Amino acid sequence: MTIYADNAATTKMSRAAIEAMMPYLSDNFYNPSSLYSAGQRAKEALECARETVARCIGAEAKEIIFTSGGSESDNQALISAASAGARAGKRHIVTDGIEHHAVLNMLKKLKKDGFEITYLPVHENGIVRPEELEAALRDDTCLVSVMYANNEIGTIQPIREIGRICREHGVVFHTDAVQAVGHIPVDVKDDNIDMLSASAHKFHGPKGVGFLYVRKGIRLTSFIEGGAQERGRRAGTENVAGIVSAAAALKESVSSIGEVSARITALRDRLIKGLSEIPHSALNGDAENRLPSNVNFCFEGIEGESLLLLLDDKGICASSGSACTSGSLDPSHVLLAIGRTHDVAHGSLRLTLGDDATEEEIDYIIASVKDVVTRLRGFSPVWRDLCSGKLQHIL
Ligand SMILES: *Cc1c(COP(=O)(O)O)cnc(C)c1O
């Protein structure tokens with residue numbers, strides 16, 4: 001049995017997404033900027049994809065620009081809002097400590113360029129409190145960036161409320177919605193969002209394609225200079241096949257959100273219940289305000305990396321921390337931000353379910369994790385010290 005439970009890292013392309021892209025890789029390969037009719041047909045496909053994507057998030061087509069993915073969208077949104085802020089003498093940005101590195105590392109760079117960054121706490125449940133956000137806003141705040149849903153612990157932020165506060169205070173609001181779009185309902189107008197980042201490979205589209213929503217009236221500075229594609233906001237010949245495919249994937253994902261999320265939420269809760277039976281374990285993130293597919297646990301006395309290798313032997317693909325931090329010895333910044341100690345954070349496991357997960361697979365995962373955790377604790381000097389009382393249990 002092979003079970004792919006790492007859908008927050010990337011998803012398998014849907015059949016619809018693969019089929020949609022094929023014609024634009026072969027017979028209809030033309031450059032959409034070309035004036036002959038074949039080029040114009042590629043242009044029409046591109047604009048039709050833009051229309052589809054816009055409709056999926058409650059936007060207008062001209063508010064969508066296509067990019068190479070979530071990281072680029074995040075980078076461009078932050079750079080653009082920061083430079084607009086700087087022109088108006090506003091150099092303060094508000095965010096939180098559990099953002100993706102595409103946001104956090106860009107903000108570090110902006111800090112070096114003279115911006116002041118406020119990091120809001122997310123508390124034990126991983127959620128920003130709107131009243132704390134409102135209190136952090138200042139006359140010189142030019143941007144708030146808070147992610148829609150977290151890629152590690154799956155917590156969903158009170159985006160509508162945060163958006164409302166930003167709108168009231170005239171501050172631009174960006175949200176990294178890479179984990180949300182295609183998985184939970186997102187409506188940029190209802191949610192008071194000014195800029196939103198998304199990535200196709202997180203909703204069964206191809207890698208290397210994403211988009212940025214920019215509300216009408218917000219000026220976007222280009223990030224990649226060159227030709228006048230994307231109405232001068234993102235240079236480079238458009239990835240027509242990828243974009244058409246992304247639109248097909250998103251349309252399909254959005255149309256099945258209700259059905260999929262009800263089913264997957266039930267499986268998620270079954271998995272959470274099963275893993276909670278492991279002694280000295282804890283769920284990370286909020287039990288309620290959580291993505292339908294996300295389960296994240298800490299187990300005392302073990303190393304996440306060893307857990308992953310033994311689960312791999314059992315045919316289970318999972319993750320510990322985020323894909324970007326695994327390989328480094330630093331524990332996840334997200335787990336530290338919700339108050340886990342370094343030791344506990346090292347023993348983490350993230351399972352993110354696919355749309356086609358079954359009850360049988362969930363039960364197999366529960367049995368496998370129980371077995372592997374027990375085995376690893378058998379070899380663990382830390383676990384021995386915890387059992388003998390030399391170290392104190394935290395969980
Ligand atoms: C995956 C991810 C990104 C990066 O998207 P890419 O398309 O891989 O660049 C950014 N933010 C979040 C929350 C993500 O999960």
# chains A, B, ... in the order shown; residues from 1 in each chain; ligands from 1

call {"tool": "residues_around", "arguments": {"residues": "region 377-389 of chain A", "least_positions_apart": "6", "cutoff": "8 Å", "atoms": "only C-alpha atoms", "output": "number ranges by chain"}}
result
A: 300-302

call {"tool": "select_by_dssp", "arguments": {"residues": "region 28-163 of chain A", "states": "strand (DSSP E)", "output": "list of chain:residue names"}}
result
A:Ile64, A:Ile65, A:Phe66, A:Thr67, A:His92, A:Ile93, A:Val94, A:Thr95, A:Asp96, A:Glu116, A:Ile117, A:Thr118, A:Tyr119, A:Leu120, A:Thr141, A:Cys142, A:Leu143, A:Val144, A:Ser145

call {"tool": "write_last_selection", "arguments": {"atoms": "C-alpha atoms", "output": "compact mmCIF listing (two decimals), in the first residue's frame"}}
result
# COMPACT_ATOMS: atom_id res chain seq x y z
CA ILE A 64 -5.68 38.56 -11.88
CA ILE A 65 -2.06 38.39 -12.96
CA PHE A 66 -0.41 35.06 -13.66
CA THR A 67 2.96 34.30 -12.07
CA HIS A 92 5.70 49.89 8.87
CA ILE A 93 4.43 46.37 8.02
CA VAL A 94 2.33 44.02 10.19
CA THR A 95 2.48 40.24 9.86
CA ASP A 96 2.64 37.17 12.12
CA GLU A 116 9.86 48.15 10.52
CA ILE A 117 8.07 44.83 10.88
CA THR A 118 5.61 43.92 13.66
CA TYR A 119 5.08 40.18 14.19
CA LEU A 120 1.73 39.45 15.81
CA THR A 141 1.52 51.15 8.45
CA CYS A 142 1.55 50.46 4.71
CA LEU A 143 0.79 46.74 4.64
CA VAL A 144 -0.70 43.85 6.59
CA SER A 145 0.18 40.34 5.40

call {"tool": "closest_atom_pairs", "arguments": {"of": "chain A", "to": "ligand 1", "cutoff": "10 Å", "atoms": "only C-alpha atoms and all ligand atoms", "output": "tab-separated table"}}
result
residue	atom	partner	partner_atom_place_in_ligand_line	distance
A:Asn7	CA	ligand 1	15 (O)	9.7
A:Ala8	CA	ligand 1	15 (O)	6.2
A:Ala9	CA	ligand 1	1 (C)	6.2
A:Thr10	CA	ligand 1	1 (C)	7.2
A:Thr67	CA	ligand 1	7 (O)	9.1
A:Ser68	CA	ligand 1	7 (O)	6.9
A:Gly69	CA	ligand 1	7 (O)	3.6
A:Gly70	CA	ligand 1	5 (O)	3.4
A:Ser71	CA	ligand 1	9 (O)	3.7
A:Glu72	CA	ligand 1	9 (O)	6.3
A:Ser73	CA	ligand 1	9 (O)	8.0
A:Asp74	CA	ligand 1	10 (C)	7.2
A:Asn75	CA	ligand 1	9 (O)	9.8
A:Ile98	CA	ligand 1	13 (C)	9.5
A:Glu99	CA	ligand 1	13 (C)	7.1
A:His100	CA	ligand 1	11 (N)	5.0
A:His101	CA	ligand 1	10 (C)	7.4
A:Ala102	CA	ligand 1	10 (C)	5.9
A:Val103	CA	ligand 1	11 (N)	7.7
A:Met147	CA	ligand 1	13 (C)	6.9
A:Tyr148	CA	ligand 1	13 (C)	8.1
A:Ala149	CA	ligand 1	13 (C)	7.0
A:Asn150	CA	ligand 1	13 (C)	5.9
A:Asn151	CA	ligand 1	15 (O)	4.7
A:Glu152	CA	ligand 1	15 (O)	8.0
A:Gly154	CA	ligand 1	13 (C)	9.6
A:Thr175	CA	ligand 1	13 (C)	9.5
A:Asp176	CA	ligand 1	11 (N)	5.9
A:Ala177	CA	ligand 1	13 (C)	6.5
A:Val178	CA	ligand 1	12 (C)	4.8
A:Gln179	CA	ligand 1	15 (O)	5.2
A:Ala180	CA	ligand 1	13 (C)	8.4
A:Ser197	CA	ligand 1	11 (N)	7.9
A:Ala198	CA	ligand 1	5 (O)	7.4
A:Ser199	CA	ligand 1	7 (O)	4.6
A:Ala200	CA	ligand 1	7 (O)	6.9
A:His201	CA	ligand 1	7 (O)	6.6
A:Lys202	CA	ligand 1	1 (C)	6.7
A:Pro206	CA	ligand 1	7 (O)	9.4
A:Lys207	CA	ligand 1	7 (O)	6.6
A:Gly208	CA	ligand 1	7 (O)	6.1
A:Val209	CA	ligand 1	7 (O)	6.7
A:Gly210	CA	ligand 1	7 (O)	6.3
A:Phe211	CA	ligand 1	7 (O)	9.2
A:Ser322	CA	ligand 1	15 (O)	8.9
A:Ala323	CA	ligand 1	1 (C)	9.1
A:Cys324	CA	ligand 1	1 (C)	9.4

call {"tool": "residues_around", "arguments": {"residues": "region 307-318 of chain A", "least_positions_apart": "6", "cutoff": "7 Å", "atoms": "only C-alpha atoms", "output": "compact mmCIF listing (two decimals) with all heavy atoms, in the first residue's frame"}}
result
# COMPACT_ATOMS: atom_id res chain seq x y z
N MET A 1 0.85 -1.21 0.00
CA MET A 1 0.00 0.00 0.00
C MET A 1 0.88 1.26 0.00
O MET A 1 1.84 1.34 0.76
CB MET A 1 -0.89 -0.02 1.27
CG MET A 1 -1.79 1.17 1.39
SD MET A 1 -3.47 0.95 2.03
CE MET A 1 -3.33 -0.06 3.46
N THR A 2 0.60 2.20 -0.89
CA THR A 2 1.27 3.51 -0.84
C THR A 2 0.21 4.57 -0.57
O THR A 2 -0.81 4.62 -1.27
CB THR A 2 1.99 3.85 -2.16
OG1 THR A 2 2.91 2.80 -2.43
CG2 THR A 2 2.73 5.16 -2.06
N ILE A 3 0.46 5.35 0.45
CA ILE A 3 -0.49 6.41 0.78
C ILE A 3 0.24 7.74 0.72
O ILE A 3 1.21 7.96 1.45
CB ILE A 3 -1.08 6.20 2.18
CG1 ILE A 3 -1.81 4.85 2.24
CG2 ILE A 3 -2.02 7.34 2.54
CD1 ILE A 3 -2.29 4.48 3.62
N TYR A 4 -0.22 8.62 -0.16
CA TYR A 4 0.38 9.94 -0.25
C TYR A 4 -0.37 10.87 0.71
O TYR A 4 -1.52 11.21 0.46
CB TYR A 4 0.31 10.47 -1.69
CG TYR A 4 0.94 11.83 -1.83
CD1 TYR A 4 2.32 12.00 -1.66
CD2 TYR A 4 0.17 12.95 -2.08
CE1 TYR A 4 2.90 13.25 -1.76
CE2 TYR A 4 0.74 14.21 -2.18
CZ TYR A 4 2.11 14.35 -2.02
OH TYR A 4 2.69 15.59 -2.11
N ALA A 5 0.26 11.23 1.80
CA ALA A 5 -0.37 12.11 2.79
C ALA A 5 0.48 13.36 2.98
O ALA A 5 0.76 13.80 4.10
CB ALA A 5 -0.57 11.37 4.10
N ASP A 6 0.91 13.93 1.85
CA ASP A 6 1.73 15.15 1.90
C ASP A 6 1.20 16.17 0.89
O ASP A 6 1.98 16.82 0.17
CB ASP A 6 3.20 14.78 1.62
CG ASP A 6 4.15 15.85 2.12
OD1 ASP A 6 3.73 16.71 2.92
OD2 ASP A 6 5.32 15.84 1.69
N ARG A 350 3.40 15.84 10.10
CA ARG A 350 2.28 16.46 9.37
C ARG A 350 1.76 15.47 8.34
O ARG A 350 2.53 14.96 7.52
CB ARG A 350 2.74 17.72 8.65
CG ARG A 350 1.59 18.40 7.87
CD ARG A 350 2.06 19.57 7.02
NE ARG A 350 2.81 19.14 5.86
CZ ARG A 350 3.36 19.97 4.97
NH1 ARG A 350 3.24 21.29 5.15
NH2 ARG A 350 4.04 19.52 3.93
N LEU A 351 0.46 15.22 8.41
CA LEU A 351 -0.21 14.37 7.42
C LEU A 351 -1.26 15.23 6.73
O LEU A 351 -2.12 15.81 7.41
CB LEU A 351 -0.88 13.19 8.12
CG LEU A 351 0.09 12.21 8.83
CD1 LEU A 351 -0.61 11.50 9.98
CD2 LEU A 351 0.66 11.20 7.83
N VAL A 372 5.23 2.78 14.94
CA VAL A 372 6.53 3.41 14.75
C VAL A 372 6.92 4.27 15.96
O VAL A 372 8.07 4.25 16.41
CB VAL A 372 6.52 4.25 13.44
CG1 VAL A 372 7.74 5.13 13.36
CG2 VAL A 372 6.44 3.33 12.23

call {"tool": "closest_residue", "arguments": {"among": "A:Gly89, A:Ala247, A:Gly227, A:Asp194", "to": "Gly182 (chain A)", "atoms": "only C-alpha atoms"}}
result
A:Ala247

call {"tool": "residues_around", "arguments": {"residues": "Gly226 (chain A)", "least_positions_apart": "2", "cutoff": "7 Å", "atoms": "only C-alpha atoms", "output": "PyMOL selection string"}}
result
chain A and resi 224+228+235-236

call {"tool": "write_last_selection", "arguments": {"atoms": "N, CA, C and O atoms", "output": "PDB file, in the first residue's frame"}}
result
ATOM      1  N   ILE A 224       9.284  41.539 -12.350  1.00  0.00           N
ATOM      2  CA  ILE A 224      10.139  41.056 -13.434  1.00  0.00           C
ATOM      3  C   ILE A 224       9.985  42.053 -14.579  1.00  0.00           C
ATOM      4  O   ILE A 224       8.879  42.273 -15.069  1.00  0.00           O
ATOM      5  N   ALA A 228       5.634  43.718 -22.191  1.00  0.00           N
ATOM      6  CA  ALA A 228       4.439  44.336 -21.607  1.00  0.00           C
ATOM      7  C   ALA A 228       3.353  43.313 -21.269  1.00  0.00           C
ATOM      8  O   ALA A 228       2.188  43.672 -21.144  1.00  0.00           O
ATOM      9  N   ALA A 235       6.494  40.712 -16.744  1.00  0.00           N
ATOM     10  CA  ALA A 235       7.063  40.451 -18.058  1.00  0.00           C
ATOM     11  C   ALA A 235       7.350  38.969 -18.255  1.00  0.00           C
ATOM     12  O   ALA A 235       7.495  38.210 -17.297  1.00  0.00           O
ATOM     13  N   GLY A 236       7.456  38.577 -19.499  1.00  0.00           N
ATOM     14  CA  GLY A 236       7.797  37.198 -19.853  1.00  0.00           C
ATOM     15  C   GLY A 236       6.675  36.559 -20.639  1.00  0.00           C
ATOM     16  O   GLY A 236       5.504  36.755 -20.305  1.00  0.00           O
TER      17      GLY A 236
END

call {"tool": "residues_around", "arguments": {"residues": "Cys298 (chain A)", "least_positions_apart": "3", "cutoff": "8 Å", "atoms": "only C-alpha atoms", "output": "PDB file with N, CA, C and O atoms, in the first residue's frame"}}
result
ATOM      1  N   SER A 281       1.248  12.827  23.439  1.00  0.00           N
ATOM      2  CA  SER A 281       1.180  13.397  22.091  1.00  0.00           C
ATOM      3  C   SER A 281       0.261  14.607  22.166  1.00  0.00           C
ATOM      4  O   SER A 281      -0.484  14.761  23.135  1.00  0.00           O
ATOM      5  N   ALA A 282       0.315  15.469  21.161  1.00  0.00           N
ATOM      6  CA  ALA A 282      -0.614  16.609  21.137  1.00  0.00           C
ATOM      7  C   ALA A 282      -0.843  17.061  19.711  1.00  0.00           C
ATOM      8  O   ALA A 282       0.080  17.061  18.882  1.00  0.00           O
ATOM      9  N   LEU A 283      -2.072  17.453  19.436  1.00  0.00           N
ATOM     10  CA  LEU A 283      -2.425  18.044  18.146  1.00  0.00           C
ATOM     11  C   LEU A 283      -1.844  19.459  18.094  1.00  0.00           C
ATOM     12  O   LEU A 283      -1.936  20.214  19.063  1.00  0.00           O
ATOM     13  N   ASN A 284      -1.254  19.821  16.975  1.00  0.00           N
ATOM     14  CA  ASN A 284      -0.790  21.198  16.783  1.00  0.00           C
ATOM     15  C   ASN A 284      -1.827  21.976  15.993  1.00  0.00           C
ATOM     16  O   ASN A 284      -2.337  21.476  14.993  1.00  0.00           O
ATOM     17  N   VAL A 344      10.180  19.192  21.755  1.00  0.00           N
ATOM     18  CA  VAL A 344       8.862  18.705  21.342  1.00  0.00           C
ATOM     19  C   VAL A 344       8.651  18.978  19.846  1.00  0.00           C
ATOM     20  O   VAL A 344       8.158  18.126  19.114  1.00  0.00           O
ATOM     21  N   ALA A 345       9.084  20.161  19.402  1.00  0.00           N
ATOM     22  CA  ALA A 345       8.885  20.525  17.991  1.00  0.00           C
ATOM     23  C   ALA A 345       9.636  19.575  17.055  1.00  0.00           C
ATOM     24  O   ALA A 345       9.208  19.342  15.926  1.00  0.00           O
ATOM     25  N   HIS A 346      10.745  19.014  17.532  1.00  0.00           N
ATOM     26  CA  HIS A 346      11.498  18.061  16.702  1.00  0.00           C
ATOM     27  C   HIS A 346      10.726  16.771  16.453  1.00  0.00           C
ATOM     28  O   HIS A 346      10.969  16.085  15.468  1.00  0.00           O
ATOM     29  N   GLY A 347       9.806  16.455  17.348  1.00  0.00           N
ATOM     30  CA  GLY A 347       9.049  15.208  17.179  1.00  0.00           C
ATOM     31  C   GLY A 347       7.703  15.441  16.521  1.00  0.00           C
ATOM     32  O   GLY A 347       6.684  14.971  17.017  1.00  0.00           O
ATOM     33  N   SER A 348       7.709  16.174  15.388  1.00  0.00           N
ATOM     34  CA  SER A 348       6.418  16.507  14.788  1.00  0.00           C
ATOM     35  C   SER A 348       6.146  15.697  13.527  1.00  0.00           C
ATOM     36  O   SER A 348       7.072  15.215  12.867  1.00  0.00           O
ATOM     37  N   LEU A 349       4.879  15.566  13.223  1.00  0.00           N
ATOM     38  CA  LEU A 349       4.434  14.814  12.046  1.00  0.00           C
ATOM     39  C   LEU A 349       3.263  15.542  11.406  1.00  0.00           C
ATOM     40  O   LEU A 349       2.279  15.852  12.083  1.00  0.00           O
TER      41      LEU A 349
END

call {"tool": "closest_residue", "arguments": {"among": "A:Ser37, A:Ser222, A:Asn239, A:Gln157", "to": "Ala77 (chain A)", "atoms": "only C-alpha atoms"}}
result
A:Ser222

call {"tool": "residues_around", "arguments": {"residues": "Ala38 (chain A)", "least_positions_apart": "4", "cutoff": "8 Å", "atoms": "only C-alpha atoms", "output": "JSON, numbers by chain"}}
result
{"A": [28, 30, 42]}

call {"tool": "write_last_selection", "arguments": {"atoms": "all heavy atoms", "output": "mmCIF file, in the first residue's frame"}}
result
data_model
loop_
_atom_site.group_PDB
_atom_site.id
_atom_site.type_symbol
_atom_site.label_atom_id
_atom_site.label_comp_id
_atom_site.auth_asym_id
_atom_site.auth_seq_id
_atom_site.Cartn_x
_atom_site.Cartn_y
_atom_site.Cartn_z
ATOM 1 N N ASN A 28 -1.293 23.883 -30.488
ATOM 2 C CA ASN A 28 -1.613 25.282 -30.190
ATOM 3 C C ASN A 28 -0.534 25.916 -29.308
ATOM 4 O O ASN A 28 -0.793 26.373 -28.214
ATOM 5 C CB ASN A 28 -2.989 25.340 -29.516
ATOM 6 C CG ASN A 28 -3.699 26.646 -29.807
ATOM 7 O OD1 ASN A 28 -3.050 27.616 -30.227
ATOM 8 N ND2 ASN A 28 -4.991 26.688 -29.579
ATOM 9 N N TYR A 30 1.361 28.534 -29.791
ATOM 10 C CA TYR A 30 1.734 29.890 -30.236
ATOM 11 C C TYR A 30 1.918 30.890 -29.092
ATOM 12 O O TYR A 30 1.420 30.701 -27.989
ATOM 13 C CB TYR A 30 0.688 30.397 -31.231
ATOM 14 C CG TYR A 30 0.547 29.455 -32.410
ATOM 15 C CD1 TYR A 30 -0.467 28.497 -32.430
ATOM 16 C CD2 TYR A 30 1.459 29.500 -33.461
ATOM 17 C CE1 TYR A 30 -0.573 27.611 -33.494
ATOM 18 C CE2 TYR A 30 1.360 28.605 -34.524
ATOM 19 C CZ TYR A 30 0.343 27.664 -34.529
ATOM 20 O OH TYR A 30 0.255 26.777 -35.560
ATOM 21 N N ALA A 42 -4.337 31.579 -28.895
ATOM 22 C CA ALA A 42 -3.637 31.308 -27.633
ATOM 23 C C ALA A 42 -3.986 32.410 -26.627
ATOM 24 O O ALA A 42 -4.221 32.150 -25.443
ATOM 25 C CB ALA A 42 -2.135 31.236 -27.864
#

call {"tool": "closest_residue", "arguments": {"among": "A:Ala54, A:Ser256, A:Ala45, A:Thr358", "to": "Arg215 (chain A)", "atoms": "only C-alpha atoms"}}
result
A:Ala54

call {"tool": "closest_residue", "arguments": {"among": "A:Ala357, A:Val240, A:Leu220, A:Leu110", "to": "Ser26 (chain A)", "atoms": "only C-alpha atoms"}}
result
A:Val240

call {"tool": "residues_around", "arguments": {"residues": "Ser34 (chain A)", "least_positions_apart": "5", "cutoff": "9 Å", "atoms": "only C-alpha atoms", "output": "ChimeraX atom specification"}}
result
/A:39-40,43

call {"tool": "write_last_selection", "arguments": {"atoms": "N, CA, C and O atoms", "output": "mmCIF file, in the first residue's frame"}}
result
data_model
loop_
_atom_site.group_PDB
_atom_site.id
_atom_site.type_symbol
_atom_site.label_atom_id
_atom_site.label_comp_id
_atom_site.auth_asym_id
_atom_site.auth_seq_id
_atom_site.Cartn_x
_atom_site.Cartn_y
_atom_site.Cartn_z
ATOM 1 N N GLY A 39 -1.853 32.901 -32.949
ATOM 2 C CA GLY A 39 -1.405 33.541 -31.715
ATOM 3 C C GLY A 39 -2.583 34.121 -30.950
ATOM 4 O O GLY A 39 -2.665 34.036 -29.722
ATOM 5 N N GLN A 40 -3.502 34.698 -31.674
ATOM 6 C CA GLN A 40 -4.672 35.292 -31.034
ATOM 7 C C GLN A 40 -5.555 34.248 -30.361
ATOM 8 O O GLN A 40 -6.200 34.527 -29.349
ATOM 9 N N LYS A 43 -4.048 33.626 -27.128
ATOM 10 C CA LYS A 43 -4.409 34.779 -26.286
ATOM 11 C C LYS A 43 -5.830 34.609 -25.720
ATOM 12 O O LYS A 43 -6.078 34.885 -24.538
#

call {"tool": "closest_residue", "arguments": {"among": "A:Val146, A:Leu196, A:Val186, A:Ile362", "to": "Arg55 (chain A)", "atoms": "only C-alpha atoms"}}
result
A:Val186

call {"tool": "closest_residue", "arguments": {"among": "A:Gly58, A:Gly217, A:Pro158, A:Gly85", "to": "Arg290 (chain A)", "atoms": "only C-alpha atoms"}}
result
A:Pro158
